[in-house]
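In what follows, a single structure is set out as structure tokens and then discussed.
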Amino acid sequence: QDPMNPMDNAQMTSQIAQLQTVSGINQLNTTVQSLLSNYQSVQQLQSTSMLGRQVLVPGDALTVVNQKASVYFDLPQASDSTQVLVKDDSGKVLRTLNVGSQSAGIQTVQWDGKNDAGTQLADGSYKFEVQAQRNGVALDATKLSSGQVQSVSMGSSGARLNIPSLGSFAMADVKEVR
């Protein structure tokens with residue numbers, strides 16, 4: 001404080017309060033960083049329990065094994081009509097499955113691996129699309145792919161589940177564990 005220009009008590013009290021606020025914010029920041037570190041450690045530990053588990057994650061990949069496959073999708077609300085379009089890598093529709101009305105939530109549709117002409121297609125990878133409607137209005141169905149968690153990666157953004165041929169996913173991306 002300048003002796004030639006003394007500060008009044010209100011100014012002095014205000015500056016002390018500001019210093020205490022800054023100190024409190026720094027302590028809060030340290031506490032939040034500690035909580036985040038603990039959360040990430042718990043998430044990493046929990047994610048290892050997913051190793052070898054079958055999970056549903058967002059995606060349009062479909063794998064035919066032994067001439068059959070399961071198609072998964074999530075509907076935000078019940079549909080009046082639903083179609084699943086199975087496609088090859090170029091986007092050509094190979095099979096249209098009319099599965100009728102479906103309830104809200106995660107749905108499973110079995111596919112026999114045949115095209116629309118009834119010819120058995122080779123085992124392998126395909127894509128799919130879901131077209132669902134309710135009262136003539138299209139629903140935004142979330143396509144889900146199934147895969148087995150092979151490994152877990154730890155990064156700055158948290159644990160990532162690595163699923164062969166599907167990619168790497170955050171724990172929050174998992175819609176269902178099978």
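Chain lettering (A, B, ...) mirrors the order of the structure tokens, residue numbering begins at 1 for each chain separately, and ligand numbering begins at 1 in order of display.
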Item to check | Secondary structure check, strand (DSSP E or B) residues of chain A, as a PyMOL selection string | outcome: chain A and resi 54-58+61-65+68-75+79+81-87+93-98+102+105-111+114+120+124-134+137-139+142-148+151-155+158-163+167-170+176-177
Next on the checklist: Which residues are near segment 92-96 of chain A? Cut-off 6 Å, only C-alpha atoms, ignore same chain within fewer than 6 positions. Put them as a list of chain:residue names.
Outcome noted: A:Val84, A:Leu85, A:Val86, A:Asn115, A:Asp116
Selection file, C-alpha atoms, as a CSV table (one decimal), in the first residue's frame:
```csv
chain,number,residue,atom,x,y,z
A,84,VAL,CA,-33.6,-53.9,-43.5
A,85,LEU,CA,-31.6,-53.5,-46.7
A,86,VAL,CA,-28.6,-55.8,-46.9
A,115,ASN,CA,-30.3,-62.6,-51.7
A,116,ASP,CA,-33.7,-61.5,-53.0
```
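Straight-line separation from atom CA of Ser125 of chain A to atom CA of Ala61 of chain A: 6.9 Å.
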Who sits within 9 Å of Ser103 of chain A, only C-alpha atoms, same chain under 2 positions skipped, as a CSV table (one decimal) with N, CA, C and O atoms, in the first residue's frame:
```
chain,number,residue,atom,x,y,z
A,75,LEU,N,-34.3,-48.5,-32.3
A,75,LEU,CA,-35.4,-47.6,-32.7
A,75,LEU,C,-35.7,-46.6,-31.6
A,75,LEU,O,-35.9,-47.0,-30.4
A,77,GLN,N,-38.5,-45.0,-31.2
A,77,GLN,CA,-39.9,-45.3,-30.8
A,77,GLN,C,-40.4,-46.4,-31.7
A,77,GLN,O,-39.7,-46.8,-32.7
A,78,ALA,N,-41.5,-47.0,-31.4
A,78,ALA,CA,-42.1,-48.1,-32.1
A,78,ALA,C,-42.3,-47.7,-33.6
A,78,ALA,O,-42.7,-46.6,-33.8
A,79,SER,N,-42.2,-48.7,-34.5
A,79,SER,CA,-42.4,-48.4,-35.9
A,79,SER,C,-43.6,-49.2,-36.4
A,79,SER,O,-44.0,-50.2,-35.8
A,80,ASP,N,-44.3,-48.6,-37.4
A,80,ASP,CA,-45.4,-49.3,-38.0
A,80,ASP,C,-44.9,-50.3,-39.1
A,80,ASP,O,-45.5,-51.3,-39.3
A,101,SER,N,-43.8,-54.2,-38.0
A,101,SER,CA,-43.7,-53.2,-36.9
A,101,SER,C,-42.7,-53.8,-35.9
A,101,SER,O,-42.6,-55.0,-35.7
A,105,GLY,N,-36.5,-49.5,-29.0
A,105,GLY,CA,-35.3,-50.1,-28.4
A,105,GLY,C,-34.5,-50.9,-29.3
A,105,GLY,O,-34.7,-50.9,-30.6
A,106,ILE,N,-33.6,-51.7,-28.8
A,106,ILE,CA,-32.7,-52.5,-29.6
A,106,ILE,C,-33.5,-53.7,-30.1
A,106,ILE,O,-34.1,-54.5,-29.4
A,107,GLN,N,-33.4,-53.9,-31.5
A,107,GLN,CA,-34.0,-55.0,-32.2
A,107,GLN,C,-33.0,-55.9,-32.8
A,107,GLN,O,-31.9,-55.5,-33.2
```
Checklist entry - If we count only C-alpha atoms, what is near segment 161-163 of chain A at a cut-off of 10 Å, once residues fewer than 3 positions away on the same chain are taken out, given as a list in words? => result Ser47, Thr48, Met50, Leu51, Gly52, Gln54, Val55, Val57, Ser146, Gly147, Gln148, Val149, Gln150, Ser151, Val152, Ser153, Met154, Leu166, Gly167, Ser168, Phe169, Ala170, Met171, Asp173 and Val174 of chain A
Using only C-alpha atoms, please write the residues we just selected to a file, as a PDB file, in the first residue's frame.
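Writing the result to out-v4.pdb gives the following:
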```pdb
ATOM      1  CA  SER A  47     -12.935 -51.719 -19.337  1.00  0.00           C
ATOM      2  CA  THR A  48     -10.665 -54.752 -18.936  1.00  0.00           C
ATOM      3  CA  MET A  50     -15.003 -56.245 -21.427  1.00  0.00           C
ATOM      4  CA  LEU A  51     -12.194 -58.383 -22.920  1.00  0.00           C
ATOM      5  CA  GLY A  52     -13.662 -61.284 -24.865  1.00  0.00           C
ATOM      6  CA  GLN A  54     -19.578 -59.520 -27.452  1.00  0.00           C
ATOM      7  CA  VAL A  55     -20.826 -55.922 -27.688  1.00  0.00           C
ATOM      8  CA  VAL A  57     -21.661 -50.541 -31.089  1.00  0.00           C
ATOM      9  CA  SER A 146     -21.731 -56.775 -33.176  1.00  0.00           C
ATOM     10  CA  GLY A 147     -18.152 -57.626 -32.357  1.00  0.00           C
ATOM     11  CA  GLN A 148     -15.916 -59.183 -29.741  1.00  0.00           C
ATOM     12  CA  VAL A 149     -13.624 -56.932 -27.688  1.00  0.00           C
ATOM     13  CA  GLN A 150     -10.061 -58.113 -28.332  1.00  0.00           C
ATOM     14  CA  SER A 151      -8.074 -55.478 -26.429  1.00  0.00           C
ATOM     15  CA  VAL A 152      -8.340 -52.266 -24.463  1.00  0.00           C
ATOM     16  CA  SER A 153      -6.258 -49.146 -25.151  1.00  0.00           C
ATOM     17  CA  MET A 154      -5.647 -46.439 -22.596  1.00  0.00           C
ATOM     18  CA  LEU A 166     -15.093 -52.590 -36.516  1.00  0.00           C
ATOM     19  CA  GLY A 167     -12.540 -50.248 -34.933  1.00  0.00           C
ATOM     20  CA  SER A 168     -11.921 -48.601 -31.595  1.00  0.00           C
ATOM     21  CA  PHE A 169     -14.801 -47.416 -29.400  1.00  0.00           C
ATOM     22  CA  ALA A 170     -15.235 -45.522 -26.136  1.00  0.00           C
ATOM     23  CA  MET A 171     -17.061 -47.292 -23.325  1.00  0.00           C
ATOM     24  CA  ASP A 173     -20.392 -46.120 -27.414  1.00  0.00           C
ATOM     25  CA  VAL A 174     -21.364 -49.595 -26.216  1.00  0.00           C
TER      26      VAL A 174
END
```
Checklist entry - What residues in chain A get the DSSP label alpha helix (DSSP H)? Please answer as an NGL selection string. => result :A and (9-47)
Restrict the selected residues to C-alpha atoms and save them as a PDB file, in the first residue's frame.
```pdb
ATOM      1  CA  ASN A   9     -10.804  -0.431   4.026  1.00  0.00           C
ATOM      2  CA  ALA A  10     -13.370  -1.392   1.351  1.00  0.00           C
ATOM      3  CA  GLN A  11     -10.685  -1.571  -1.367  1.00  0.00           C
ATOM      4  CA  MET A  12      -8.366  -3.549   0.889  1.00  0.00           C
ATOM      5  CA  THR A  13     -11.140  -6.020   1.795  1.00  0.00           C
ATOM      6  CA  SER A  14     -12.086  -6.390  -1.880  1.00  0.00           C
ATOM      7  CA  GLN A  15      -8.504  -7.225  -2.902  1.00  0.00           C
ATOM      8  CA  ILE A  16      -8.142  -9.775  -0.095  1.00  0.00           C
ATOM      9  CA  ALA A  17     -11.414 -11.425  -1.184  1.00  0.00           C
ATOM     10  CA  GLN A  18     -10.183 -11.570  -4.798  1.00  0.00           C
ATOM     11  CA  LEU A  19      -6.927 -13.244  -3.698  1.00  0.00           C
ATOM     12  CA  GLN A  20      -8.859 -15.787  -1.645  1.00  0.00           C
ATOM     13  CA  THR A  21     -11.152 -16.505  -4.628  1.00  0.00           C
ATOM     14  CA  VAL A  22      -8.162 -17.160  -6.905  1.00  0.00           C
ATOM     15  CA  SER A  23      -6.637 -19.429  -4.268  1.00  0.00           C
ATOM     16  CA  GLY A  24      -9.929 -21.313  -3.897  1.00  0.00           C
ATOM     17  CA  ILE A  25     -10.229 -21.786  -7.672  1.00  0.00           C
ATOM     18  CA  ASN A  26      -6.706 -23.222  -7.798  1.00  0.00           C
ATOM     19  CA  GLN A  27      -7.543 -25.664  -4.996  1.00  0.00           C
ATOM     20  CA  LEU A  28     -10.777 -26.653  -6.757  1.00  0.00           C
ATOM     21  CA  ASN A  29      -8.867 -27.236 -10.005  1.00  0.00           C
ATOM     22  CA  THR A  30      -6.404 -29.510  -8.194  1.00  0.00           C
ATOM     23  CA  THR A  31      -9.278 -31.464  -6.621  1.00  0.00           C
ATOM     24  CA  VAL A  32     -11.080 -31.863  -9.976  1.00  0.00           C
ATOM     25  CA  GLN A  33      -7.856 -33.088 -11.630  1.00  0.00           C
ATOM     26  CA  SER A  34      -7.446 -35.656  -8.861  1.00  0.00           C
ATOM     27  CA  LEU A  35     -11.059 -36.836  -9.275  1.00  0.00           C
ATOM     28  CA  LEU A  36     -10.585 -37.105 -13.058  1.00  0.00           C
ATOM     29  CA  SER A  37      -7.451 -39.180 -12.590  1.00  0.00           C
ATOM     30  CA  ASN A  38      -9.281 -41.499 -10.185  1.00  0.00           C
ATOM     31  CA  TYR A  39     -12.231 -41.783 -12.598  1.00  0.00           C
ATOM     32  CA  GLN A  40      -9.924 -42.700 -15.490  1.00  0.00           C
ATOM     33  CA  SER A  41      -8.234 -45.364 -13.360  1.00  0.00           C
ATOM     34  CA  VAL A  42     -11.603 -46.891 -12.454  1.00  0.00           C
ATOM     35  CA  GLN A  43     -12.724 -46.734 -16.099  1.00  0.00           C
ATOM     36  CA  GLN A  44      -9.531 -48.497 -17.211  1.00  0.00           C
ATOM     37  CA  LEU A  45     -10.040 -51.227 -14.649  1.00  0.00           C
ATOM     38  CA  GLN A  46     -13.701 -51.670 -15.615  1.00  0.00           C
ATOM     39  CA  SER A  47     -12.935 -51.719 -19.337  1.00  0.00           C
TER      40      SER A  47
END
```
Next on the checklist: Neighbouring residues of Gly91 of chain A were defined as those with any atom within 10 Å, considering only C-alpha atoms; residues of the same chain fewer than 6 positions away were excluded. Please report them as a list in words.
Outcome noted: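 My list of contacting residues is Leu85, Tyr126, Lys127, Phe128 and Glu129 of chain A.
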Export of prior selection with C-alpha atoms as a short mmCIF file (atom, residue, chain, number, x, y, z; two decimals), in the first residue's frame:
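selection-v4.cif, written as the output of this step:
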```
data_model
loop_
_atom_site.label_atom_id
_atom_site.label_comp_id
_atom_site.auth_asym_id
_atom_site.auth_seq_id
_atom_site.Cartn_x
_atom_site.Cartn_y
_atom_site.Cartn_z
CA LEU A 85 -31.63 -53.53 -46.70
CA TYR A 126 -21.79 -56.93 -45.81
CA LYS A 127 -23.41 -53.60 -44.96
CA PHE A 128 -26.99 -52.80 -44.03
CA GLU A 129 -29.47 -49.96 -43.82
#
```
Next on the checklist: For a quick check of understanding, using only C-alpha atoms, which of A:Ala104, A:Leu144, A:Ala159, A:Ala172 has the smallest distance to Gly59 of chain A?
Outcome noted: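 Closest to Gly59 of chain A of all the choices is A:Leu144.
Of the listed residues A:Asp140, A:Gln67, A:Arg134, A:Val99, the one whose atoms come nearest to Thr119 of chain A is A:Gln67, with distances taken using only C-alpha atoms.
Here atom CA of Leu97 of chain A stands at a distance of 20.6 Å from atom CA of Leu56 of chain A.
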Next on the checklist: Just the number, please: distance in Å from atom CA of Tyr72 of chain A to atom CA of Lys114 of chain A, one decimal.
Outcome noted: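 Result for atom CA of Tyr72 of chain A versus atom CA of Lys114 of chain A: 17.5 Å, one decimal.
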